[in-house]
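Scroll down for the structure; my scribbles are underneath it.
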Amino acid sequence: MRCGAARRRLSDEIDGALRPGRKAGVEAHLRVCPACRAYRGELVRIQAAAALPAVPAPDEFWDSFEDLVSRKIAAGEAGRASVAVPFASRRRSAWAAAAAAVLAGVALGYVLLRPGPPATEAWVPYGDPLDGLIFAAEADPELAGRVEKEIRVSIDELLPAPEETEGAVVFAADPFFWEGLSEDELQAIVAALETESGHGGPQ
Amino acid sequence: MDERPEERLVEEARRGGREAFAELVRRHERRVFGVALRMAGNRPDADDLAQEVFLTAWKAVGSFRGGSTFSTWLYRIAVNTSLTFLKRRGRERNRMPFDENLPVAGPGRGRPTGPEAASSLNELTARAGQAVAALPAHFRATFALVVDQGLSHAEAAGVLGCSENTVSWRMHKARKLLQARLKPFLEEVR
């Protein structure tokens with residue numbers, strides 16, 4: 001064994017980490033190599049000289065140390081809590097506000113969107129602006145004429161152009177067409193339709 | 001004297017038991033302080049460092065899963081905290097680089113005897129402490145674990161997160177550096 005390899009293994013040997021199979025080789029080298037024996041002696045002396053000075057022995061030191069660590073831990077916990085609580089409180093407030101807003105929204109939606117009462121119960125005379133106009137028109141023939149004219153103009157604006165539609169559709173689309181017919185006229189139309197469709201029975 | 005087994009104390013500390021953690025501090029403070037003292041090189045810094053180690057351990061104990069022994073875990077925190085501490089303080093930058101050829105104040109001529117020999121021995125001790133303090137930080141950490149704390153190479157490797165061979169090599173290299181640095185004093189005291 002060369003000195004380099006022996007010295008490399010001497011370090012392990014001092015630490016008690018030398019593999020059993022290598023121990024005999026190192027010991028054999030040391031027996032014949034005074035330089036490596038001296039080297040080993042120096043390492044042992046250095047290790048003894050470099051031993052860590054005893055850590056503080058007085059119990060007072062360790063009592064103080066433990067107390068300091070405990071106080072720092074407690075302070076850290078308290079600091080963490082004092083930081084955490086306001087944020088937690090704020091978060092709780094935010095959640096409460098959000099929940100209240102959602103509840104209010106649901107309640108408002110229910111009030112606004114729930115099925116309304118029957119129209120007869122809710123009907124209030126003159127509730128619609130047109131209602132007043134219609135009632136006034138009943139008492140004023142001139143006004144009634146102007147109102148009807150305006151209504152017909154509005155309906156005409158909504159209807160398709162005549163050339164694009166058939167007459168029957170135009171009639172059916174005019175809500176005032178049927179209301180304008182007498183009972184006899186209606187009966188005559190019904191009879192004509194039944195005859196046309198074959199449901200009218202014997203002539 | 002608290003007789004509770006360490007595993008139980010660790011489990012209680014994991015659940016936030018400060019009293020259990022205080023007992024763990026009592027059981028490990030000297031070892032942690034030893035590593036801190038070797039790494040920091042002086043008592044006041046070692047004191048701060050050891051406190052920091054335990055505060056870090058307290059914050060992290062909830063994540064300790066028992067993959068290693070508690071002492072191994074604590075040593076790991078001690079070494080890592082020490083390395084960070086040294087970087088932060090700039091100690092390593094200001095540290096005189098280790099040079100085995102660096103001339104050191106040698107002892108006087110002639111073999112000392114009597115009180116002079118004792119004085120030389122004290123000087124060797126002082127110089128040895130300085131030489132270890134001048135080792136590169138990772139070498140010093142390895143030296144602290146193996147020589148000061150008596151850990152096996154395998155245990156030190158577990159703490160340092162390296163292989164046993166790396167521990168073995170660092171110890172060999174550290175010893176060679178120390179031997180070269182202290183040779184004049186060794187010859188004087190012989």
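Ordering of the structure tokens sets the chain letters (A, B, ...), residue numbers begin anew at 1 in every chain, and ligands are numbered from 1 in the order given.
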
Close residues, B:Thr142 itself excluded, 12 Å, only C-alpha atoms, min 4 positions apart in chain, as a compact mmCIF listing (two decimals) with N, CA and C atoms, in the first residue's frame:
# COMPACT_ATOMS: atom_id res chain seq x y z
N ASP A 15 -11.85 7.80 12.52
CA ASP A 15 -13.30 8.00 12.72
C ASP A 15 -14.04 6.69 12.99
N VAL B 35 -22.71 22.63 17.52
CA VAL B 35 -22.58 22.83 16.07
C VAL B 35 -22.53 24.33 15.76
N ARG B 38 -19.14 25.79 16.69
CA ARG B 38 -18.09 25.43 15.74
C ARG B 38 -18.26 26.23 14.44
N MET B 39 -19.48 26.40 14.03
CA MET B 39 -19.72 27.08 12.76
C MET B 39 -19.54 28.60 12.90
N TYR B 75 -30.03 18.45 13.49
CA TYR B 75 -28.67 18.74 13.04
C TYR B 75 -28.69 19.36 11.63
N ARG B 76 -29.58 18.82 10.81
CA ARG B 76 -29.67 19.34 9.44
C ARG B 76 -30.08 20.81 9.46
N VAL B 79 -27.06 22.84 10.66
CA VAL B 79 -26.03 23.06 9.63
C VAL B 79 -26.52 24.05 8.58
N VAL B 132 -9.34 25.16 12.46
CA VAL B 132 -10.64 24.55 12.15
C VAL B 132 -11.63 25.64 11.71
N LEU B 135 -11.33 26.48 8.15
CA LEU B 135 -11.69 25.49 7.12
C LEU B 135 -12.89 25.98 6.32
N PRO B 136 -13.00 25.56 5.07
CA PRO B 136 -14.21 25.89 4.31
C PRO B 136 -15.44 25.41 5.07
N ALA B 137 -16.52 26.14 4.90
CA ALA B 137 -17.71 25.92 5.74
C ALA B 137 -18.22 24.47 5.70
N HIS B 138 -18.24 23.86 4.53
CA HIS B 138 -18.76 22.50 4.44
C HIS B 138 -17.83 21.49 5.12
N VAL B 146 -18.72 15.01 12.81
CA VAL B 146 -17.99 13.75 13.02
C VAL B 146 -17.12 13.82 14.28
N VAL B 147 -16.35 14.89 14.39
CA VAL B 147 -15.40 14.98 15.51
C VAL B 147 -16.07 15.49 16.79
N ASP B 148 -16.77 16.61 16.66
CA ASP B 148 -17.37 17.20 17.87
C ASP B 148 -18.58 16.41 18.36
N GLN B 149 -19.43 16.02 17.43
CA GLN B 149 -20.69 15.38 17.84
C GLN B 149 -20.59 13.86 17.83
N GLY B 150 -19.53 13.33 17.27
CA GLY B 150 -19.32 11.88 17.30
C GLY B 150 -20.25 11.10 16.39
N LEU B 151 -20.74 11.74 15.35
CA LEU B 151 -21.60 11.01 14.41
C LEU B 151 -20.75 10.10 13.52
N SER B 152 -21.34 9.00 13.12
CA SER B 152 -20.66 8.14 12.15
C SER B 152 -20.70 8.81 10.79
N HIS B 153 -19.91 8.32 9.88
CA HIS B 153 -19.93 8.88 8.52
C HIS B 153 -21.32 8.76 7.92
N ALA B 154 -21.97 7.64 8.19
CA ALA B 154 -23.32 7.44 7.63
C ALA B 154 -24.30 8.45 8.21
N GLU B 155 -24.21 8.68 9.52
CA GLU B 155 -25.12 9.65 10.15
C GLU B 155 -24.84 11.06 9.65
N ALA B 156 -23.56 11.40 9.55
CA ALA B 156 -23.20 12.73 9.06
C ALA B 156 -23.68 12.91 7.62
N ALA B 157 -23.54 11.84 6.84
CA ALA B 157 -24.01 11.91 5.45
C ALA B 157 -25.51 12.17 5.41
N GLY B 158 -26.25 11.54 6.34
CA GLY B 158 -27.70 11.77 6.41
C GLY B 158 -28.03 13.21 6.75
N VAL B 159 -27.25 13.80 7.63
CA VAL B 159 -27.49 15.20 8.01
C VAL B 159 -27.15 16.13 6.85
N LEU B 160 -26.00 15.85 6.23
CA LEU B 160 -25.49 16.77 5.20
C LEU B 160 -26.11 16.52 3.83
N GLY B 161 -26.82 15.42 3.70
CA GLY B 161 -27.44 15.12 2.41
C GLY B 161 -26.41 14.76 1.35
N CYS B 162 -25.38 14.05 1.75
CA CYS B 162 -24.36 13.63 0.78
C CYS B 162 -24.03 12.16 1.05
N SER B 163 -23.08 11.63 0.29
CA SER B 163 -22.74 10.22 0.47
C SER B 163 -21.71 10.05 1.58
N GLU B 164 -21.60 8.84 2.06
CA GLU B 164 -20.57 8.54 3.07
C GLU B 164 -19.18 8.81 2.52
N THR B 166 -18.35 11.07 0.47
CA THR B 166 -18.09 12.52 0.52
C THR B 166 -17.67 12.92 1.92
N VAL B 167 -18.35 12.37 2.91
CA VAL B 167 -17.98 12.68 4.30
C VAL B 167 -16.54 12.21 4.56
N SER B 168 -16.25 10.99 4.11
CA SER B 168 -14.92 10.44 4.30
C SER B 168 -13.85 11.32 3.64
N TRP B 169 -14.14 11.75 2.42
CA TRP B 169 -13.18 12.57 1.68
C TRP B 169 -12.99 13.93 2.35
N ARG B 170 -14.11 14.52 2.79
CA ARG B 170 -14.00 15.83 3.45
C ARG B 170 -13.18 15.74 4.74
N MET B 171 -13.38 14.66 5.48
CA MET B 171 -12.64 14.50 6.72
C MET B 171 -11.15 14.32 6.44
N HIS B 172 -10.85 13.52 5.43
CA HIS B 172 -9.45 13.30 5.06
C HIS B 172 -8.81 14.62 4.63
N LYS B 173 -9.53 15.36 3.80
CA LYS B 173 -9.00 16.63 3.29
C LYS B 173 -8.84 17.65 4.43
N ALA B 174 -9.85 17.72 5.30
CA ALA B 174 -9.79 18.65 6.43
C ALA B 174 -8.57 18.33 7.31
N ARG B 175 -8.34 17.06 7.56
CA ARG B 175 -7.21 16.67 8.42
C ARG B 175 -5.88 17.01 7.77

With 6 Å as the limit and counting only C-alpha atoms, what residues in chain B lie close to chain A? Please list them as a ChimeraX atom specification. /B:51,125,128-129,172

DSSP helix (DSSP H, G or I) residues within stretch 15-78 of chain B, listed as an NGL selection string: :B and (18-40 or 43-63 or 70-78)

Atoms to include: N, CA and C atoms. Write the selected residues as a compact mmCIF listing (two decimals), in the first residue's frame.
# COMPACT_ATOMS: atom_id res chain seq x y z
N ARG B 18 -46.21 23.28 22.91
CA ARG B 18 -45.01 24.06 23.22
C ARG B 18 -44.23 23.45 24.36
N GLU B 19 -44.93 22.89 25.30
CA GLU B 19 -44.26 22.30 26.46
C GLU B 19 -43.42 21.10 26.02
N ALA B 20 -43.97 20.30 25.11
CA ALA B 20 -43.22 19.15 24.59
C ALA B 20 -42.01 19.63 23.81
N PHE B 21 -42.19 20.70 23.05
CA PHE B 21 -41.06 21.23 22.28
C PHE B 21 -39.99 21.78 23.21
N ALA B 22 -40.42 22.40 24.31
CA ALA B 22 -39.45 22.93 25.28
C ALA B 22 -38.60 21.79 25.84
N GLU B 23 -39.21 20.63 26.04
CA GLU B 23 -38.45 19.48 26.53
C GLU B 23 -37.46 19.01 25.46
N LEU B 24 -37.89 19.06 24.19
CA LEU B 24 -36.97 18.69 23.11
C LEU B 24 -35.79 19.66 23.06
N VAL B 25 -36.08 20.94 23.30
CA VAL B 25 -35.01 21.93 23.34
C VAL B 25 -34.02 21.56 24.44
N ARG B 26 -34.55 21.22 25.60
CA ARG B 26 -33.67 20.86 26.72
C ARG B 26 -32.78 19.67 26.37
N ARG B 27 -33.34 18.73 25.66
CA ARG B 27 -32.58 17.51 25.36
C ARG B 27 -31.51 17.72 24.29
N HIS B 28 -31.74 18.70 23.41
CA HIS B 28 -30.83 18.83 22.26
C HIS B 28 -30.04 20.13 22.25
N GLU B 29 -30.26 21.01 23.21
CA GLU B 29 -29.67 22.34 23.12
C GLU B 29 -28.14 22.31 23.13
N ARG B 30 -27.56 21.41 23.89
CA ARG B 30 -26.10 21.39 23.95
C ARG B 30 -25.49 20.96 22.62
N ARG B 31 -26.10 19.98 22.01
CA ARG B 31 -25.57 19.52 20.71
C ARG B 31 -25.74 20.59 19.64
N VAL B 32 -26.92 21.19 19.63
CA VAL B 32 -27.16 22.25 18.64
C VAL B 32 -26.20 23.41 18.88
N PHE B 33 -26.03 23.75 20.15
CA PHE B 33 -25.13 24.85 20.48
C PHE B 33 -23.70 24.51 20.06
N GLY B 34 -23.32 23.24 20.21
CA GLY B 34 -21.98 22.82 19.81
C GLY B 34 -21.75 23.03 18.32
N VAL B 35 -22.71 22.63 17.52
CA VAL B 35 -22.58 22.83 16.07
C VAL B 35 -22.53 24.33 15.76
N ALA B 36 -23.40 25.07 16.42
CA ALA B 36 -23.45 26.52 16.18
C ALA B 36 -22.13 27.18 16.57
N LEU B 37 -21.57 26.73 17.69
CA LEU B 37 -20.31 27.33 18.16
C LEU B 37 -19.17 27.02 17.19
N ARG B 38 -19.14 25.79 16.69
CA ARG B 38 -18.09 25.43 15.74
C ARG B 38 -18.26 26.23 14.44
N MET B 39 -19.48 26.40 14.03
CA MET B 39 -19.72 27.08 12.76
C MET B 39 -19.54 28.60 12.90
N ALA B 40 -20.04 29.16 13.97
CA ALA B 40 -19.99 30.62 14.12
C ALA B 40 -18.62 31.08 14.62
N ARG B 43 -19.06 32.66 20.96
CA ARG B 43 -20.21 32.37 21.80
C ARG B 43 -21.43 33.23 21.49
N PRO B 44 -21.27 34.55 21.37
CA PRO B 44 -22.48 35.36 21.14
C PRO B 44 -23.21 34.96 19.85
N ASP B 45 -22.44 34.77 18.77
CA ASP B 45 -23.08 34.36 17.51
C ASP B 45 -23.67 32.97 17.62
N ALA B 46 -22.95 32.08 18.34
CA ALA B 46 -23.46 30.71 18.52
C ALA B 46 -24.78 30.74 19.28
N ASP B 47 -24.87 31.62 20.24
CA ASP B 47 -26.10 31.77 21.03
C ASP B 47 -27.26 32.17 20.12
N ASP B 48 -27.02 33.20 19.32
CA ASP B 48 -28.08 33.66 18.38
C ASP B 48 -28.45 32.54 17.41
N LEU B 49 -27.40 31.88 16.93
CA LEU B 49 -27.60 30.85 15.91
C LEU B 49 -28.40 29.67 16.47
N ALA B 50 -28.05 29.26 17.68
CA ALA B 50 -28.76 28.12 18.29
C ALA B 50 -30.24 28.48 18.52
N GLN B 51 -30.48 29.70 18.94
CA GLN B 51 -31.88 30.13 19.12
C GLN B 51 -32.62 30.08 17.78
N GLU B 52 -31.92 30.57 16.75
CA GLU B 52 -32.54 30.57 15.43
C GLU B 52 -32.86 29.15 14.96
N VAL B 53 -31.96 28.23 15.27
CA VAL B 53 -32.17 26.83 14.90
C VAL B 53 -33.46 26.31 15.54
N PHE B 54 -33.63 26.57 16.82
CA PHE B 54 -34.82 26.05 17.50
C PHE B 54 -36.09 26.77 17.04
N LEU B 55 -35.98 28.04 16.74
CA LEU B 55 -37.17 28.74 16.23
C LEU B 55 -37.57 28.17 14.87
N THR B 56 -36.55 27.92 14.05
CA THR B 56 -36.82 27.32 12.74
C THR B 56 -37.44 25.94 12.92
N ALA B 57 -36.88 25.18 13.86
CA ALA B 57 -37.40 23.83 14.11
C ALA B 57 -38.85 23.89 14.59
N TRP B 58 -39.15 24.84 15.43
CA TRP B 58 -40.52 24.97 15.93
C TRP B 58 -41.49 25.26 14.78
N LYS B 59 -41.06 26.15 13.90
CA LYS B 59 -41.93 26.49 12.77
C LYS B 59 -42.12 25.31 11.83
N ALA B 60 -41.09 24.47 11.75
CA ALA B 60 -41.12 23.38 10.75
C ALA B 60 -41.51 22.03 11.34
N VAL B 61 -41.64 21.96 12.66
CA VAL B 61 -41.84 20.63 13.26
C VAL B 61 -43.16 19.99 12.79
N GLY B 62 -44.10 20.81 12.40
CA GLY B 62 -45.36 20.26 11.88
C GLY B 62 -45.16 19.45 10.61
N SER B 63 -44.09 19.76 9.89
CA SER B 63 -43.84 19.03 8.63
C SER B 63 -42.87 17.88 8.84
N PHE B 70 -35.19 12.57 15.02
CA PHE B 70 -35.39 13.99 15.29
C PHE B 70 -34.04 14.70 15.39
N SER B 71 -33.05 14.02 16.00
CA SER B 71 -31.75 14.68 16.15
C SER B 71 -31.08 14.90 14.80
N THR B 72 -31.24 13.93 13.89
CA THR B 72 -30.67 14.12 12.54
C THR B 72 -31.33 15.32 11.86
N TRP B 73 -32.65 15.37 12.01
CA TRP B 73 -33.42 16.48 11.42
C TRP B 73 -32.95 17.81 12.01
N LEU B 74 -32.75 17.81 13.32
CA LEU B 74 -32.33 19.04 14.01
C LEU B 74 -30.91 19.44 13.61
N TYR B 75 -30.03 18.45 13.49
CA TYR B 75 -28.67 18.74 13.04
C TYR B 75 -28.69 19.36 11.63
N ARG B 76 -29.58 18.82 10.81
CA ARG B 76 -29.67 19.34 9.44
C ARG B 76 -30.08 20.81 9.46
N ILE B 77 -31.05 21.11 10.30
CA ILE B 77 -31.46 22.51 10.43
C ILE B 77 -30.30 23.35 10.95
N ALA B 78 -29.58 22.79 11.92
CA ALA B 78 -28.47 23.53 12.51
C ALA B 78 -27.40 23.84 11.46

Take atom CA of A:Glu27 and atom CA of A:Met1 and report the distance between them in Å, one decimal. 10.3 Å

Please determine, counting only C-alpha atoms, which residue among B:Gln130, B:Thr69, B:Asn165, B:Thr84 has the shortest atom-to-atom distance to B:Gly41.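 That would be B:Gln130, the residue with the smallest distance to B:Gly41.
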